[in-house]
Amino acid sequence: MRYIKTIDDITKDGQVTFGDGYEFVTEVEKADAILMRSTDLHGYELPESIRAIARCGAGVNNIPIEEYAKKGVVVFNSPGANSNAVKELVLAMLVLSSRGVVQSMNWVRENAADPDIFVNAEKAKKAFVGRELKGKSIAVIGLGNVGSKVANACADLGMDVYGYDPFISVEHAWALSQKVQRVSTLEDACRDRDYLTLHVPSKADTIHMIGEEQLNLLAPDAVLINYSRETIVDEDAVDAALRAGRIAWFATDFATQKTVLMPNTFITTHSGAGTGEAEANCADMAISELKDYLENGNIANSVNYPPCSMGKARAASRVACLHANVPNMIGQITAVLARDNANVQRMTNESAGENAYTMFDTDEHLDDETIEALKQIPSIYRVRVIK
Ligand SMILES: NC(=O)c1ccc[n+]([C@@H]2O[C@H](COP(=O)([O-])OP(=O)(O)OC[C@H]3O[C@@H](n4cnc5c(N)ncnc54)[C@H](O)[C@@H]3O)[C@@H](O)[C@H]2O)c1
Ligand SMILES: O=C(O)CC[C@@H](O)C(=O)O
């Protein structure tokens, strides 16, 4: 039996299924793995029992992924699984910030008791005249799963789309409409744009990437949309730009102490991924990643270890070593196996950044002494006997 601890509401209806051989536990100390969403794990004491964490969603700034890598804990996310949901809400924000929809609805509610409301609404509507998206320009910062979909959708709406992503993947570059114009600096992306939408992860080089300088480059009456993370914008600069009328509207998914007090701001409850479809997609992807890792040692979509697959564990034994990406690890591992006279059927080694993963199948089970000797190799973080 394998044990799973869920943190956060993974889906609205609470339905999460791992299938036979798995049980949910309430005490994290009894769990092999964690399935989670947005809870902040910085400062959280992770029990030794935990071997893997799957984040249902894209952003992993709530998880200390490098610290966990050094504990031999593989962290997964679910790339792309909620991107359509975010794209649709961003499109909604483009419309809401351009057409006075909310203001017009508020007017109707406030005047509900007026017996002549039908006639007076015709007179009131001039206050809510907006502008069309067609022909306007938009900069999309970050052209990954969400940004590439937003960029393509905006191009389909007839907008002039400018994309900025110095690290764009080949896959997302292929997926991008030919109508999306690529720019090579953030400044060129922002200059004279009517709309600016952010789709980058929160990391050292993106924190406060949008501040006074970038906001000042935008066209008059520009709209800023942040469905990425609250850290990406300098909130003081956005507040000042709104109050000075330098930008017209701000749409954000993050209700912070500062955004809730800003004028002309649409704020949602971190709901970019808030659809049943996105929740189900994220949960399905995260569960299959965890199951393949727990049952076979295979890694797909990890944010702190390399991808690695040897298919189903069919040999007598499968062992995985999680270790630092330093020279002579394979030499040391095979030297221990040679001492035990173990016959290795298959072996694979992959690395990513500071971390590496070595997995092998043997004809017979390794004895406890051999496993202990593997654990004693310097720079090995964890040894897993998968089978
Ligand atoms: N509001 C929500 O509910 C919600 C849902 C999904 C994602 N998000 C946030 O949006 C972010 C993007 O999501 P995604 O699924 O598109 O992720 P992704 O990893 O597919 O795409 C991120 C893109 O940002 C690019 N990038 C990284 N650093 C950059 C920089 N300095 N300048 C420009 N581009 C840079 C990357 O190259 C990549 O193409 C996530 O990290 C998460 O924080 C929020
Ligand atoms: O879990 C959520 O609801 C939000 C997830 C989202 O912010 C993400 O980064 O994918």
# chains A, B, ... in the order shown; residues from 1 in each chain; ligands from 1
$ residues_around --residues "stretch 79-92 of chain A" --least-positions-apart "4" --cutoff "10 Å" --atoms "only C-alpha atoms" --output "MDAnalysis selection string"
chainID A and resid 55:59 96:98 144:154 157 197:199 225:228 251:253 268 271:286 301:302
$ select_by_dssp --residues "stretch 180-246 of chain A" --states "strand (DSSP E)" --output "list in words"
Gln181, Arg182, Tyr195, Leu196, Thr197, Leu198, Ala222, Val223, Leu224, Ile225 and Asn226 of chain A
$ write_last_selection --atoms "C-alpha atoms" --output "tab-separated table (two decimals), in the first residue's frame"
chain	number	residue	atom	x	y	z
A	181	GLN	CA	5.53	39.61	-33.54
A	182	ARG	CA	8.52	38.73	-31.41
A	195	TYR	CA	-2.46	46.31	-23.16
A	196	LEU	CA	0.26	44.46	-21.23
A	197	THR	CA	-0.35	40.94	-19.95
A	198	LEU	CA	2.08	38.92	-17.81
A	222	ALA	CA	-3.19	51.34	-21.18
A	223	VAL	CA	-4.40	48.29	-19.26
A	224	LEU	CA	-2.14	46.01	-17.20
A	225	ILE	CA	-3.19	42.40	-16.64
A	226	ASN	CA	-1.44	40.18	-14.09
$ residues_around --residues "stretch 2-7 of chain A" --least-positions-apart "6" --cutoff "9 Å" --atoms "only C-alpha atoms" --output "number ranges by chain"
A: 18, 21-28, 30-39, 294
$ residues_around --residues "A:Val233" --least-positions-apart "5" --cutoff "8 Å" --atoms "only C-alpha atoms" --output "PDB file with N, CA and C atoms, in the first residue's frame"
ATOM      1  N   ILE A 207      10.826  39.070 -10.557  1.00  0.00           N
ATOM      2  CA  ILE A 207      10.227  39.818  -9.446  1.00  0.00           C
ATOM      3  C   ILE A 207      10.333  41.316  -9.736  1.00  0.00           C
ATOM      4  N   HIS A 208       9.182  41.987  -9.680  1.00  0.00           N
ATOM      5  CA  HIS A 208       9.091  43.430  -9.981  1.00  0.00           C
ATOM      6  C   HIS A 208       9.587  43.749 -11.396  1.00  0.00           C
ATOM      7  N   MET A 209       9.428  42.846 -12.326  1.00  0.00           N
ATOM      8  CA  MET A 209       9.893  43.148 -13.691  1.00  0.00           C
ATOM      9  C   MET A 209       9.048  44.253 -14.332  1.00  0.00           C
ATOM     10  N   ILE A 210       7.856  44.473 -13.803  1.00  0.00           N
ATOM     11  CA  ILE A 210       7.038  45.592 -14.285  1.00  0.00           C
ATOM     12  C   ILE A 210       6.968  46.644 -13.182  1.00  0.00           C
ATOM     13  N   GLY A 211       7.612  47.780 -13.458  1.00  0.00           N
ATOM     14  CA  GLY A 211       7.635  48.888 -12.502  1.00  0.00           C
ATOM     15  C   GLY A 211       7.385  50.200 -13.227  1.00  0.00           C
ATOM     16  N   ASN A 226      -2.387  41.077 -14.769  1.00  0.00           N
ATOM     17  CA  ASN A 226      -1.440  40.179 -14.091  1.00  0.00           C
ATOM     18  C   ASN A 226      -2.157  38.945 -13.555  1.00  0.00           C
ATOM     19  N   VAL A 238       2.426  50.466  -9.692  1.00  0.00           N
ATOM     20  CA  VAL A 238       1.125  50.302 -10.365  1.00  0.00           C
ATOM     21  C   VAL A 238       0.096  51.225  -9.717  1.00  0.00           C
TER      22      VAL A 238
END
$ atom_distance --atom1 "atom 8 (C, counted along the ligand's line) of ligand 2" --atom2 "atom CA of A:Asn62"
10.1 Å
$ residues_around --residues "A:Ala237" --least-positions-apart "4" --cutoff "12 Å" --atoms "only C-alpha atoms" --output "ChimeraX atom specification"
/A:208-216,224,232-233,241-244,246-247,250,258-259,262
$ select_by_dssp --residues "stretch 166-246 of chain A" --states "helix (DSSP H, G or I)" --output "ChimeraX atom specification"
/A:170-175,186-190,212-217,230-232,235-243
$ write_last_selection --atoms "C-alpha atoms" --output "compact mmCIF listing (two decimals), in the first residue's frame"
# COMPACT_ATOMS: atom_id res chain seq x y z
CA VAL A 170 10.80 25.15 -29.29
CA GLU A 171 7.40 23.57 -28.64
CA HIS A 172 5.80 26.92 -27.76
CA ALA A 173 7.56 28.75 -30.58
CA TRP A 174 6.01 26.25 -33.01
CA ALA A 175 2.59 26.75 -31.42
CA LEU A 186 11.03 44.11 -22.35
CA GLU A 187 11.17 47.81 -23.16
CA ASP A 188 10.34 47.23 -26.85
CA ALA A 189 7.52 44.96 -25.73
CA CYS A 190 5.99 47.69 -23.54
CA GLU A 212 7.51 52.63 -13.13
CA GLU A 213 9.89 52.47 -16.11
CA GLN A 214 7.83 49.87 -17.99
CA LEU A 215 4.49 51.47 -17.08
CA ASN A 216 5.70 54.84 -18.38
CA LEU A 217 6.41 53.27 -21.78
CA GLU A 230 1.66 39.15 -7.37
CA THR A 231 5.47 39.42 -7.15
CA ILE A 232 5.89 40.20 -10.87
CA GLU A 235 2.55 47.27 -6.67
CA ASP A 236 3.57 50.75 -5.47
CA ALA A 237 4.41 51.74 -9.05
CA VAL A 238 1.13 50.30 -10.36
CA ASP A 239 -0.84 52.13 -7.66
CA ALA A 240 0.90 55.41 -8.52
CA ALA A 241 0.31 54.93 -12.26
CA LEU A 242 -3.41 54.27 -11.68
CA ARG A 243 -3.82 57.26 -9.38
$ residues_around --residues "stretch 117-131 of chain A" --least-positions-apart "5" --cutoff "9 Å" --atoms "only C-alpha atoms" --output "list of chain:residue names"
A:Ser97, A:Ser98, A:Arg99, A:Gly100, A:Val101, A:Gln103, A:Ser104, A:Trp107, A:Val108, A:Asn111, A:Ala112
$ write_last_selection --atoms "N, CA and C atoms" --output "JSON list (two decimals), in the first residue's frame"
[["chain", "number", "residue", "atom", "x", "y", "z"],
["A", 97, "SER", "N", -12.06, 45.40, -18.99],
["A", 97, "SER", "CA", -11.32, 46.65, -18.82],
["A", 97, "SER", "C", -11.52, 47.59, -20.01],
["A", 98, "SER", "N", -12.25, 47.13, -21.02],
["A", 98, "SER", "CA", -12.41, 47.94, -22.24],
["A", 98, "SER", "C", -13.84, 48.40, -22.47],
["A", 99, "ARG", "N", -14.83, 47.76, -21.82],
["A", 99, "ARG", "CA", -16.22, 48.01, -22.21],
["A", 99, "ARG", "C", -17.16, 48.48, -21.10],
["A", 100, "GLY", "N", -16.63, 48.80, -19.94],
["A", 100, "GLY", "CA", -17.51, 49.31, -18.88],
["A", 100, "GLY", "C", -18.60, 48.33, -18.48],
["A", 101, "VAL", "N", -18.34, 47.05, -18.62],
["A", 101, "VAL", "CA", -19.37, 46.03, -18.32],
["A", 101, "VAL", "C", -19.78, 46.09, -16.84],
["A", 103, "GLN", "N", -19.27, 48.48, -14.62],
["A", 103, "GLN", "CA", -19.83, 49.78, -14.27],
["A", 103, "GLN", "C", -21.29, 49.87, -14.74],
["A", 104, "SER", "N", -21.54, 49.36, -15.93],
["A", 104, "SER", "CA", -22.88, 49.39, -16.48],
["A", 104, "SER", "C", -23.83, 48.50, -15.66],
["A", 107, "TRP", "N", -24.64, 50.25, -12.47],
["A", 107, "TRP", "CA", -25.62, 51.32, -12.67],
["A", 107, "TRP", "C", -27.04, 50.73, -12.66],
["A", 108, "VAL", "N", -27.21, 49.63, -13.35],
["A", 108, "VAL", "CA", -28.54, 48.99, -13.44],
["A", 108, "VAL", "C", -29.02, 48.58, -12.05],
["A", 111, "ASN", "N", -30.03, 51.49, -9.87],
["A", 111, "ASN", "CA", -31.23, 52.19, -10.31],
["A", 111, "ASN", "C", -32.41, 51.23, -10.50],
["A", 112, "ALA", "N", -32.35, 50.11, -9.82],
["A", 112, "ALA", "CA", -33.37, 49.07, -10.01],
["A", 112, "ALA", "C", -34.77, 49.56, -9.65]]
$ closest_residue --among "A:Gln332, A:Thr370, A:Ser137, A:Ser309" --to "A:Leu218" --atoms "only C-alpha atoms"
A:Ser137
$ closest_residue --among "A:Tyr44, A:Phe167, A:Tyr162, A:Phe76" --to "ligand 1" --atoms "only C-alpha atoms and all ligand atoms"
A:Phe167
$ atom_distance --atom1 "atom CA of A:Glu110" --atom2 "atom CA of A:Pro263"
19.8 Å
$ atom_distance --atom1 "atom 1 (O, counted along the ligand's line) of ligand 2" --atom2 "atom CA of A:Met159"
29.6 Å
$ closest_residue --among "A:Val180, A:Val336, A:Ala342, A:Ile267" --to "A:Gly158" --atoms "only C-alpha atoms"
A:Val180
